[in-house]
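S.K.: For reference, the file coords.cif (mmCIF, N, CA and C atoms) is included below:
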```cif
data_work
loop_
_atom_site.label_atom_id
_atom_site.label_comp_id
_atom_site.auth_asym_id
_atom_site.auth_seq_id
_atom_site.Cartn_x
_atom_site.Cartn_y
_atom_site.Cartn_z
N MET A 1 -16.81 -21.69 40.40
CA MET A 1 -16.49 -20.29 40.36
C MET A 1 -16.59 -19.74 38.94
N ALA A 2 -16.10 -20.48 37.97
CA ALA A 2 -16.12 -20.00 36.60
C ALA A 2 -17.56 -19.86 36.11
N TYR A 3 -18.42 -20.80 36.52
CA TYR A 3 -19.81 -20.74 36.10
C TYR A 3 -20.49 -19.50 36.69
N ILE A 4 -20.21 -19.20 37.93
CA ILE A 4 -20.81 -18.02 38.57
C ILE A 4 -20.34 -16.75 37.88
N ARG A 5 -19.05 -16.68 37.56
CA ARG A 5 -18.55 -15.50 36.83
C ARG A 5 -19.18 -15.42 35.45
N PHE A 6 -19.40 -16.56 34.80
CA PHE A 6 -20.03 -16.56 33.48
C PHE A 6 -21.47 -16.05 33.56
N VAL A 7 -22.21 -16.50 34.56
CA VAL A 7 -23.60 -16.07 34.73
C VAL A 7 -23.67 -14.58 35.05
N ARG A 8 -22.69 -14.08 35.75
CA ARG A 8 -22.67 -12.65 36.10
C ARG A 8 -22.20 -11.76 34.96
N GLY A 9 -21.92 -12.32 33.81
CA GLY A 9 -21.61 -11.52 32.64
C GLY A 9 -20.19 -11.60 32.13
N GLN A 10 -19.31 -12.28 32.82
CA GLN A 10 -17.93 -12.45 32.35
C GLN A 10 -17.88 -13.68 31.44
N HIS A 11 -18.20 -13.49 30.17
CA HIS A 11 -18.38 -14.61 29.26
C HIS A 11 -17.09 -15.35 28.93
N GLY A 12 -15.96 -14.75 29.13
CA GLY A 12 -14.70 -15.44 28.90
C GLY A 12 -14.25 -16.28 30.07
N ALA A 13 -14.99 -16.24 31.18
CA ALA A 13 -14.58 -16.94 32.39
C ALA A 13 -14.53 -18.46 32.20
N LEU A 14 -15.42 -19.00 31.41
CA LEU A 14 -15.44 -20.45 31.22
C LEU A 14 -14.20 -20.94 30.48
N PHE A 15 -13.75 -20.17 29.52
CA PHE A 15 -12.62 -20.63 28.71
C PHE A 15 -11.28 -20.13 29.21
N ASN A 16 -11.28 -19.32 30.25
CA ASN A 16 -10.03 -18.87 30.86
C ASN A 16 -9.66 -19.72 32.08
N ASP A 17 -10.56 -20.55 32.53
CA ASP A 17 -10.31 -21.39 33.69
C ASP A 17 -9.44 -22.58 33.29
N VAL A 18 -8.38 -22.81 34.04
CA VAL A 18 -7.40 -23.83 33.68
C VAL A 18 -7.99 -25.24 33.75
N GLN A 19 -8.87 -25.51 34.71
CA GLN A 19 -9.40 -26.87 34.79
C GLN A 19 -10.45 -27.15 33.72
N ILE A 20 -11.20 -26.15 33.32
CA ILE A 20 -12.17 -26.34 32.24
C ILE A 20 -11.45 -26.59 30.92
N LYS A 21 -10.38 -25.83 30.68
CA LYS A 21 -9.57 -26.07 29.47
C LYS A 21 -9.02 -27.48 29.47
N ALA A 22 -8.46 -27.91 30.60
CA ALA A 22 -7.88 -29.26 30.68
C ALA A 22 -8.95 -30.34 30.50
N PHE A 23 -10.11 -30.14 31.10
CA PHE A 23 -11.19 -31.11 31.00
C PHE A 23 -11.67 -31.24 29.56
N LEU A 24 -11.90 -30.12 28.89
CA LEU A 24 -12.36 -30.16 27.50
C LEU A 24 -11.30 -30.74 26.58
N PHE A 25 -10.03 -30.40 26.80
CA PHE A 25 -8.94 -30.96 25.99
C PHE A 25 -8.86 -32.47 26.20
N PHE A 26 -8.97 -32.91 27.45
CA PHE A 26 -8.90 -34.33 27.77
C PHE A 26 -10.03 -35.09 27.09
N LEU A 27 -11.26 -34.57 27.20
CA LEU A 27 -12.40 -35.24 26.57
C LEU A 27 -12.24 -35.30 25.05
N ALA A 28 -11.79 -34.19 24.45
CA ALA A 28 -11.61 -34.16 23.00
C ALA A 28 -10.52 -35.14 22.56
N PHE A 29 -9.41 -35.16 23.27
CA PHE A 29 -8.30 -36.06 22.90
C PHE A 29 -8.71 -37.52 22.98
N VAL A 30 -9.34 -37.90 24.09
CA VAL A 30 -9.75 -39.30 24.27
C VAL A 30 -10.83 -39.68 23.26
N SER A 31 -11.79 -38.79 23.02
CA SER A 31 -12.87 -39.08 22.09
C SER A 31 -12.37 -39.22 20.66
N ILE A 32 -11.50 -38.32 20.24
CA ILE A 32 -10.95 -38.40 18.88
C ILE A 32 -10.09 -39.64 18.71
N SER A 33 -9.24 -39.93 19.70
CA SER A 33 -8.39 -41.13 19.62
C SER A 33 -9.22 -42.40 19.55
N LEU A 34 -10.23 -42.50 20.40
CA LEU A 34 -11.08 -43.69 20.39
C LEU A 34 -11.91 -43.76 19.12
N GLY A 35 -12.38 -42.63 18.62
CA GLY A 35 -13.15 -42.62 17.38
C GLY A 35 -12.34 -43.10 16.19
N ILE A 36 -11.09 -42.66 16.12
CA ILE A 36 -10.20 -43.13 15.04
C ILE A 36 -9.93 -44.62 15.19
N TRP A 37 -9.72 -45.07 16.42
CA TRP A 37 -9.47 -46.49 16.66
C TRP A 37 -10.69 -47.33 16.28
N LEU A 38 -11.89 -46.86 16.62
CA LEU A 38 -13.11 -47.59 16.26
C LEU A 38 -13.27 -47.70 14.75
N THR A 39 -12.97 -46.62 14.05
CA THR A 39 -13.10 -46.63 12.60
C THR A 39 -12.07 -47.55 11.96
N SER A 40 -10.84 -47.51 12.46
CA SER A 40 -9.79 -48.34 11.86
C SER A 40 -9.99 -49.83 12.14
N ASN A 41 -10.66 -50.16 13.24
CA ASN A 41 -10.92 -51.57 13.56
C ASN A 41 -12.23 -52.08 12.99
N GLY A 42 -12.97 -51.25 12.28
CA GLY A 42 -14.21 -51.69 11.67
C GLY A 42 -15.41 -51.71 12.60
N GLN A 43 -15.28 -51.15 13.79
CA GLN A 43 -16.40 -51.10 14.72
C GLN A 43 -17.40 -50.00 14.36
N ALA A 44 -16.95 -49.05 13.55
CA ALA A 44 -17.82 -47.96 13.09
C ALA A 44 -17.76 -47.91 11.56
N GLN A 45 -18.88 -47.57 10.94
CA GLN A 45 -18.95 -47.54 9.49
C GLN A 45 -18.16 -46.38 8.88
N SER A 46 -18.15 -45.25 9.58
CA SER A 46 -17.45 -44.07 9.08
C SER A 46 -16.75 -43.37 10.24
N LEU A 47 -15.89 -42.43 9.92
CA LEU A 47 -15.20 -41.66 10.95
C LEU A 47 -16.19 -40.85 11.77
N GLU A 48 -17.21 -40.31 11.10
CA GLU A 48 -18.23 -39.53 11.81
C GLU A 48 -18.96 -40.39 12.83
N GLU A 49 -19.32 -41.61 12.46
CA GLU A 49 -20.00 -42.50 13.39
C GLU A 49 -19.07 -42.90 14.54
N GLY A 50 -17.81 -43.17 14.23
CA GLY A 50 -16.84 -43.51 15.26
C GLY A 50 -16.65 -42.39 16.26
N LEU A 51 -16.53 -41.16 15.76
CA LEU A 51 -16.37 -40.01 16.65
C LEU A 51 -17.61 -39.79 17.50
N ARG A 52 -18.78 -39.95 16.90
CA ARG A 52 -20.03 -39.77 17.64
C ARG A 52 -20.18 -40.81 18.74
N LEU A 53 -19.95 -42.07 18.40
CA LEU A 53 -20.04 -43.14 19.40
C LEU A 53 -19.02 -42.94 20.52
N ALA A 54 -17.80 -42.62 20.12
CA ALA A 54 -16.74 -42.45 21.12
C ALA A 54 -17.03 -41.25 22.02
N ALA A 55 -17.41 -40.12 21.44
CA ALA A 55 -17.63 -38.91 22.24
C ALA A 55 -18.76 -39.11 23.24
N PHE A 56 -19.87 -39.67 22.79
CA PHE A 56 -21.00 -39.85 23.70
C PHE A 56 -20.65 -40.79 24.84
N ASN A 57 -20.03 -41.93 24.51
CA ASN A 57 -19.72 -42.91 25.55
C ASN A 57 -18.61 -42.44 26.48
N VAL A 58 -17.63 -41.71 25.97
CA VAL A 58 -16.56 -41.18 26.83
C VAL A 58 -17.14 -40.16 27.81
N VAL A 59 -17.95 -39.23 27.32
CA VAL A 59 -18.55 -38.23 28.21
C VAL A 59 -19.48 -38.90 29.21
N SER A 60 -20.20 -39.92 28.79
CA SER A 60 -21.09 -40.63 29.69
C SER A 60 -20.32 -41.33 30.81
N ILE A 61 -19.19 -41.94 30.48
CA ILE A 61 -18.38 -42.63 31.49
C ILE A 61 -17.74 -41.64 32.45
N VAL A 62 -17.16 -40.57 31.91
CA VAL A 62 -16.46 -39.60 32.76
C VAL A 62 -17.43 -38.88 33.69
N THR A 63 -18.60 -38.54 33.20
CA THR A 63 -19.58 -37.83 34.04
C THR A 63 -20.44 -38.77 34.87
N THR A 64 -20.26 -40.05 34.72
CA THR A 64 -20.99 -41.11 35.43
C THR A 64 -22.50 -40.97 35.32
N THR A 65 -22.97 -40.64 34.11
CA THR A 65 -24.41 -40.56 33.90
C THR A 65 -25.02 -41.94 33.67
N GLY A 66 -24.25 -42.88 33.15
CA GLY A 66 -24.73 -44.24 32.99
C GLY A 66 -25.37 -44.54 31.65
N PHE A 67 -25.36 -43.60 30.73
CA PHE A 67 -25.93 -43.84 29.41
C PHE A 67 -24.91 -44.49 28.50
N ALA A 68 -25.40 -45.24 27.51
CA ALA A 68 -24.54 -45.84 26.50
C ALA A 68 -25.34 -45.98 25.22
N THR A 69 -24.71 -45.70 24.10
CA THR A 69 -25.38 -45.85 22.81
C THR A 69 -25.02 -47.16 22.15
N ALA A 70 -24.02 -47.83 22.68
CA ALA A 70 -23.59 -49.11 22.11
C ALA A 70 -22.98 -49.95 23.23
N ASP A 71 -22.89 -51.24 23.00
CA ASP A 71 -22.24 -52.13 23.95
C ASP A 71 -20.73 -52.04 23.71
N TYR A 72 -20.06 -51.19 24.48
CA TYR A 72 -18.63 -50.96 24.24
C TYR A 72 -17.77 -52.12 24.70
N THR A 73 -18.34 -53.12 25.37
CA THR A 73 -17.56 -54.30 25.69
C THR A 73 -17.26 -55.13 24.44
N LEU A 74 -18.03 -54.90 23.38
CA LEU A 74 -17.78 -55.58 22.11
C LEU A 74 -16.71 -54.89 21.29
N TRP A 75 -16.24 -53.73 21.73
CA TRP A 75 -15.23 -52.97 20.98
C TRP A 75 -13.82 -53.49 21.20
N GLY A 76 -13.66 -54.42 22.09
CA GLY A 76 -12.34 -54.99 22.34
C GLY A 76 -11.78 -54.59 23.69
N SER A 77 -10.67 -55.24 24.03
CA SER A 77 -10.09 -55.03 25.36
C SER A 77 -9.49 -53.64 25.52
N LEU A 78 -9.03 -53.01 24.45
CA LEU A 78 -8.49 -51.66 24.55
C LEU A 78 -9.57 -50.67 24.99
N ALA A 79 -10.73 -50.78 24.40
CA ALA A 79 -11.82 -49.88 24.76
C ALA A 79 -12.31 -50.13 26.18
N VAL A 80 -12.41 -51.39 26.57
CA VAL A 80 -12.85 -51.71 27.93
C VAL A 80 -11.84 -51.20 28.95
N GLY A 81 -10.56 -51.39 28.67
CA GLY A 81 -9.52 -50.88 29.57
C GLY A 81 -9.52 -49.37 29.64
N LEU A 82 -9.73 -48.71 28.50
CA LEU A 82 -9.80 -47.25 28.47
C LEU A 82 -10.99 -46.75 29.28
N PHE A 83 -12.14 -47.38 29.12
CA PHE A 83 -13.31 -46.96 29.89
C PHE A 83 -13.12 -47.21 31.39
N PHE A 84 -12.42 -48.28 31.74
CA PHE A 84 -12.12 -48.50 33.15
C PHE A 84 -11.24 -47.39 33.69
N ALA A 85 -10.22 -47.00 32.93
CA ALA A 85 -9.34 -45.91 33.36
C ALA A 85 -10.10 -44.59 33.44
N LEU A 86 -11.06 -44.39 32.55
CA LEU A 86 -11.84 -43.14 32.55
C LEU A 86 -12.73 -43.01 33.77
N THR A 87 -13.05 -44.12 34.43
CA THR A 87 -13.88 -44.02 35.63
C THR A 87 -13.16 -43.33 36.77
N PHE A 88 -11.83 -43.24 36.68
CA PHE A 88 -11.06 -42.55 37.71
C PHE A 88 -10.94 -41.06 37.45
N VAL A 89 -11.42 -40.60 36.31
CA VAL A 89 -11.38 -39.17 35.98
C VAL A 89 -12.77 -38.62 36.17
N GLY A 90 -12.89 -37.58 36.97
CA GLY A 90 -14.19 -36.96 37.22
C GLY A 90 -14.31 -35.66 36.47
N GLY A 91 -15.30 -34.92 36.81
CA GLY A 91 -15.53 -33.62 36.18
C GLY A 91 -14.67 -32.55 36.81
N CYS A 92 -15.13 -31.35 36.70
CA CYS A 92 -14.45 -30.21 37.30
C CYS A 92 -14.89 -30.04 38.76
N THR A 93 -14.21 -29.20 39.47
CA THR A 93 -14.53 -28.95 40.87
C THR A 93 -15.96 -28.45 40.99
N GLY A 94 -16.70 -29.03 41.90
CA GLY A 94 -18.09 -28.63 42.12
C GLY A 94 -19.09 -29.46 41.37
N SER A 95 -18.65 -30.32 40.47
CA SER A 95 -19.61 -31.15 39.73
C SER A 95 -19.97 -32.38 40.55
N THR A 96 -21.05 -33.01 40.18
CA THR A 96 -21.50 -34.20 40.89
C THR A 96 -21.02 -35.49 40.23
N SER A 97 -20.16 -35.38 39.23
CA SER A 97 -19.66 -36.58 38.57
C SER A 97 -18.73 -37.34 39.50
N GLY A 98 -18.64 -38.63 39.27
CA GLY A 98 -17.79 -39.46 40.11
C GLY A 98 -16.34 -39.36 39.69
N GLY A 99 -15.50 -40.06 40.37
CA GLY A 99 -14.09 -40.06 40.02
C GLY A 99 -13.34 -38.90 40.66
N ILE A 100 -12.06 -38.86 40.40
CA ILE A 100 -11.19 -37.82 40.94
C ILE A 100 -11.29 -36.61 40.02
N LYS A 101 -11.52 -35.46 40.60
CA LYS A 101 -11.74 -34.25 39.81
C LYS A 101 -10.47 -33.84 39.06
N ILE A 102 -10.67 -33.19 37.94
CA ILE A 102 -9.58 -32.76 37.06
C ILE A 102 -8.58 -31.89 37.81
N TYR A 103 -9.06 -31.00 38.67
CA TYR A 103 -8.16 -30.09 39.37
C TYR A 103 -7.20 -30.86 40.27
N ARG A 104 -7.65 -31.95 40.86
CA ARG A 104 -6.75 -32.76 41.70
C ARG A 104 -5.69 -33.46 40.85
N HIS A 105 -6.06 -33.88 39.64
CA HIS A 105 -5.07 -34.45 38.72
C HIS A 105 -4.05 -33.38 38.34
N GLN A 106 -4.51 -32.14 38.13
CA GLN A 106 -3.59 -31.05 37.79
C GLN A 106 -2.64 -30.75 38.94
N ILE A 107 -3.15 -30.74 40.15
CA ILE A 107 -2.30 -30.50 41.32
C ILE A 107 -1.27 -31.62 41.45
N LEU A 108 -1.70 -32.86 41.27
CA LEU A 108 -0.78 -33.99 41.33
C LEU A 108 0.30 -33.87 40.26
N TRP A 109 -0.08 -33.53 39.04
CA TRP A 109 0.88 -33.39 37.94
C TRP A 109 1.88 -32.28 38.23
N THR A 110 1.41 -31.15 38.77
CA THR A 110 2.30 -30.03 39.11
C THR A 110 3.26 -30.44 40.22
N ALA A 111 2.78 -31.15 41.22
CA ALA A 111 3.63 -31.60 42.32
C ALA A 111 4.68 -32.60 41.84
N VAL A 112 4.29 -33.51 40.95
CA VAL A 112 5.24 -34.49 40.42
C VAL A 112 6.31 -33.79 39.59
N GLN A 113 5.91 -32.83 38.76
CA GLN A 113 6.88 -32.07 37.97
C GLN A 113 7.87 -31.33 38.88
N ALA A 114 7.37 -30.70 39.93
CA ALA A 114 8.25 -29.98 40.85
C ALA A 114 9.19 -30.94 41.57
N TYR A 115 8.68 -32.10 41.93
CA TYR A 115 9.52 -33.08 42.61
C TYR A 115 10.63 -33.58 41.68
N VAL A 116 10.29 -33.86 40.44
CA VAL A 116 11.31 -34.32 39.48
C VAL A 116 12.33 -33.21 39.24
N ARG A 117 11.87 -31.97 39.09
CA ARG A 117 12.81 -30.85 38.93
C ARG A 117 13.71 -30.72 40.15
N GLN A 118 13.16 -30.93 41.33
CA GLN A 118 13.95 -30.84 42.55
C GLN A 118 14.98 -31.96 42.61
N LEU A 119 14.62 -33.15 42.14
CA LEU A 119 15.58 -34.25 42.12
C LEU A 119 16.72 -33.98 41.15
N ILE A 120 16.39 -33.38 40.01
CA ILE A 120 17.40 -33.10 39.00
C ILE A 120 18.25 -31.90 39.38
N SER A 121 17.63 -30.90 39.93
CA SER A 121 18.31 -29.66 40.27
C SER A 121 19.08 -29.81 41.58
N ARG A 122 20.10 -29.00 41.74
CA ARG A 122 20.86 -29.01 42.98
C ARG A 122 20.24 -28.07 44.01
N ILE A 123 19.33 -27.22 43.56
CA ILE A 123 18.66 -26.30 44.47
C ILE A 123 17.55 -27.06 45.17
N GLY A 124 17.43 -26.93 46.45
CA GLY A 124 16.46 -27.67 47.22
C GLY A 124 15.13 -26.97 47.41
N TRP A 125 14.92 -25.81 46.85
CA TRP A 125 13.69 -25.05 47.07
C TRP A 125 13.00 -24.81 45.73
N MET A 126 11.74 -25.19 45.63
CA MET A 126 10.94 -24.96 44.44
C MET A 126 9.63 -24.33 44.86
N CYS A 127 9.10 -23.46 44.03
CA CYS A 127 7.84 -22.80 44.31
C CYS A 127 6.77 -23.36 43.38
N LEU A 128 5.68 -23.86 43.93
CA LEU A 128 4.58 -24.39 43.13
C LEU A 128 3.57 -23.28 42.87
N ILE A 129 3.21 -23.12 41.62
CA ILE A 129 2.18 -22.14 41.24
C ILE A 129 1.11 -22.89 40.47
N MET A 130 -0.14 -22.76 40.94
CA MET A 130 -1.26 -23.42 40.29
C MET A 130 -2.31 -22.37 39.97
N ALA A 131 -2.60 -22.19 38.70
CA ALA A 131 -3.62 -21.23 38.23
C ALA A 131 -3.32 -19.82 38.72
N GLY A 132 -2.05 -19.44 38.75
CA GLY A 132 -1.69 -18.09 39.14
C GLY A 132 -1.63 -17.88 40.65
N CYS A 133 -1.94 -18.90 41.44
CA CYS A 133 -1.92 -18.77 42.91
C CYS A 133 -0.79 -19.62 43.47
N MET A 134 -0.29 -19.22 44.60
CA MET A 134 0.76 -20.02 45.25
C MET A 134 0.16 -20.88 46.32
#
```
Go ahead and express the file in the form of structure tokens.
M.R.:
Amino acid sequence: MAYIRFVRGQHGALFNDVQIKAFLFFLAFVSISLGIWLTSNGQAQSLEEGLRLAAFNVVSIVTTTGFATADYTLWGSLAVGLFFALTFVGGCTGSTSGGIKIYRHQILWTAVQAYVRQLISRIGWMCLIMAGCM
């Protein structure tokens, strides 16, 4: 939906969509964290190389394109475990990437938060709101 609104001239539609924001934040966070880890462990010569290697391989794993610029199994068990966990994260709704879509993770997170609030609160009724809709 956001892409269609963007093509029709609403240029802010891509960055106002909650799942696109979450997806881009998730990719940036994981890529930066892995890039710093690669640099600190000596797997990359510089921070720029670590960030580049991490970003390309993280996006490749999440979107299930199958490309790799390096053998990330040589990066250690942390990287292999992280890439395994990333296979469960997919793209946004409507994409052809594998894994569970970001919006479903957001719905799960919202439901878990509401459930925990309901357990803590004495009130038995909670209203779930996702992206401005009930």
S.K.: Identify the residues within 7 Å of coordinate (-11.2, -37.1, 39.0) (same frame as the file), considering only N, CA and C atoms, and give the answer as a list in words.
M.R.: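 Neighbouring residues, ordered by chain and number, come to Thr87, Phe88, Val89, Gly90, Gly91, Gly98, Gly99, Ile100, Lys101, Ile102, Tyr103, Arg104 and His105 of chain A.
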S.K.: Between A:Trp75, A:Phe83, A:Phe26, A:Phe15, single out the one closest to A:Ser60, counting only C-alpha atoms.
M.R.: A:Phe83
S.K.: Could you pull out the helix (DSSP H, G or I) residues of chain A, going by DSSP on the backbone, and write them as a count of residues only?
M.R.: 82
S.K.: Name all residues at most 12 Å from stretch 41-56 of chain A (count only C-alpha atoms; drop same-chain ones fewer than 5 positions away) and give them as a compact mmCIF listing (two decimals) with N, CA and C atoms, in the frame of the given file.
M.R.:
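Now in selection_10.txt:
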```
# COMPACT_ATOMS: atom_id res chain seq x y z
N LEU A 24 -11.90 -30.12 28.89
CA LEU A 24 -12.36 -30.16 27.50
C LEU A 24 -11.30 -30.74 26.58
N PHE A 26 -8.97 -32.91 27.45
CA PHE A 26 -8.90 -34.33 27.77
C PHE A 26 -10.03 -35.09 27.09
N LEU A 27 -11.26 -34.57 27.20
CA LEU A 27 -12.40 -35.24 26.57
C LEU A 27 -12.24 -35.30 25.05
N ALA A 28 -11.79 -34.19 24.45
CA ALA A 28 -11.61 -34.16 23.00
C ALA A 28 -10.52 -35.14 22.56
N PHE A 29 -9.41 -35.16 23.27
CA PHE A 29 -8.30 -36.06 22.90
C PHE A 29 -8.71 -37.52 22.98
N VAL A 30 -9.34 -37.90 24.09
CA VAL A 30 -9.75 -39.30 24.27
C VAL A 30 -10.83 -39.68 23.26
N SER A 31 -11.79 -38.79 23.02
CA SER A 31 -12.87 -39.08 22.09
C SER A 31 -12.37 -39.22 20.66
N ILE A 32 -11.50 -38.32 20.24
CA ILE A 32 -10.95 -38.40 18.88
C ILE A 32 -10.09 -39.64 18.71
N SER A 33 -9.24 -39.93 19.70
CA SER A 33 -8.39 -41.13 19.62
C SER A 33 -9.22 -42.40 19.55
N LEU A 34 -10.23 -42.50 20.40
CA LEU A 34 -11.08 -43.69 20.39
C LEU A 34 -11.91 -43.76 19.12
N GLY A 35 -12.38 -42.63 18.62
CA GLY A 35 -13.15 -42.62 17.38
C GLY A 35 -12.34 -43.10 16.19
N ILE A 36 -11.09 -42.66 16.12
CA ILE A 36 -10.20 -43.13 15.04
C ILE A 36 -9.93 -44.62 15.19
N ILE A 61 -19.19 -41.94 30.48
CA ILE A 61 -18.38 -42.63 31.49
C ILE A 61 -17.74 -41.64 32.45
N VAL A 62 -17.16 -40.57 31.91
CA VAL A 62 -16.46 -39.60 32.76
C VAL A 62 -17.43 -38.88 33.69
N THR A 63 -18.60 -38.54 33.20
CA THR A 63 -19.58 -37.83 34.04
C THR A 63 -20.44 -38.77 34.87
N THR A 64 -20.26 -40.05 34.72
CA THR A 64 -20.99 -41.11 35.43
C THR A 64 -22.50 -40.97 35.32
N THR A 65 -22.97 -40.64 34.11
CA THR A 65 -24.41 -40.56 33.90
C THR A 65 -25.02 -41.94 33.67
N GLY A 66 -24.25 -42.88 33.15
CA GLY A 66 -24.73 -44.24 32.99
C GLY A 66 -25.37 -44.54 31.65
N PHE A 67 -25.36 -43.60 30.73
CA PHE A 67 -25.93 -43.84 29.41
C PHE A 67 -24.91 -44.49 28.50
N ALA A 68 -25.40 -45.24 27.51
CA ALA A 68 -24.54 -45.84 26.50
C ALA A 68 -25.34 -45.98 25.22
N THR A 69 -24.71 -45.70 24.10
CA THR A 69 -25.38 -45.85 22.81
C THR A 69 -25.02 -47.16 22.15
N ALA A 70 -24.02 -47.83 22.68
CA ALA A 70 -23.59 -49.11 22.11
C ALA A 70 -22.98 -49.95 23.23
N ASP A 71 -22.89 -51.24 23.00
CA ASP A 71 -22.24 -52.13 23.95
C ASP A 71 -20.73 -52.04 23.71
N TYR A 72 -20.06 -51.19 24.48
CA TYR A 72 -18.63 -50.96 24.24
C TYR A 72 -17.77 -52.12 24.70
N THR A 73 -18.34 -53.12 25.37
CA THR A 73 -17.56 -54.30 25.69
C THR A 73 -17.26 -55.13 24.44
N LEU A 74 -18.03 -54.90 23.38
CA LEU A 74 -17.78 -55.58 22.11
C LEU A 74 -16.71 -54.89 21.29
N TRP A 75 -16.24 -53.73 21.73
CA TRP A 75 -15.23 -52.97 20.98
C TRP A 75 -13.82 -53.49 21.20
N GLY A 76 -13.66 -54.42 22.09
CA GLY A 76 -12.34 -54.99 22.34
C GLY A 76 -11.78 -54.59 23.69
N LEU A 78 -9.03 -53.01 24.45
CA LEU A 78 -8.49 -51.66 24.55
C LEU A 78 -9.57 -50.67 24.99
N ALA A 79 -10.73 -50.78 24.40
CA ALA A 79 -11.82 -49.88 24.76
C ALA A 79 -12.31 -50.13 26.18
N LEU A 82 -9.73 -48.71 28.50
CA LEU A 82 -9.80 -47.25 28.47
C LEU A 82 -10.99 -46.75 29.28
N PHE A 83 -12.14 -47.38 29.12
CA PHE A 83 -13.31 -46.96 29.89
C PHE A 83 -13.12 -47.21 31.39
```
S.K.: Identify, on the basis of all atoms listed in the file, every residue whose closest approach to A:Gly12 does not exceed 8 Å; exclude the query and any residue fewer than 6 positions from it along the same chain; express the result as a list in words.
M.R.: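 Using all atoms listed in the file, the neighbours found are Ala2, Arg5 and Phe6 of chain A.
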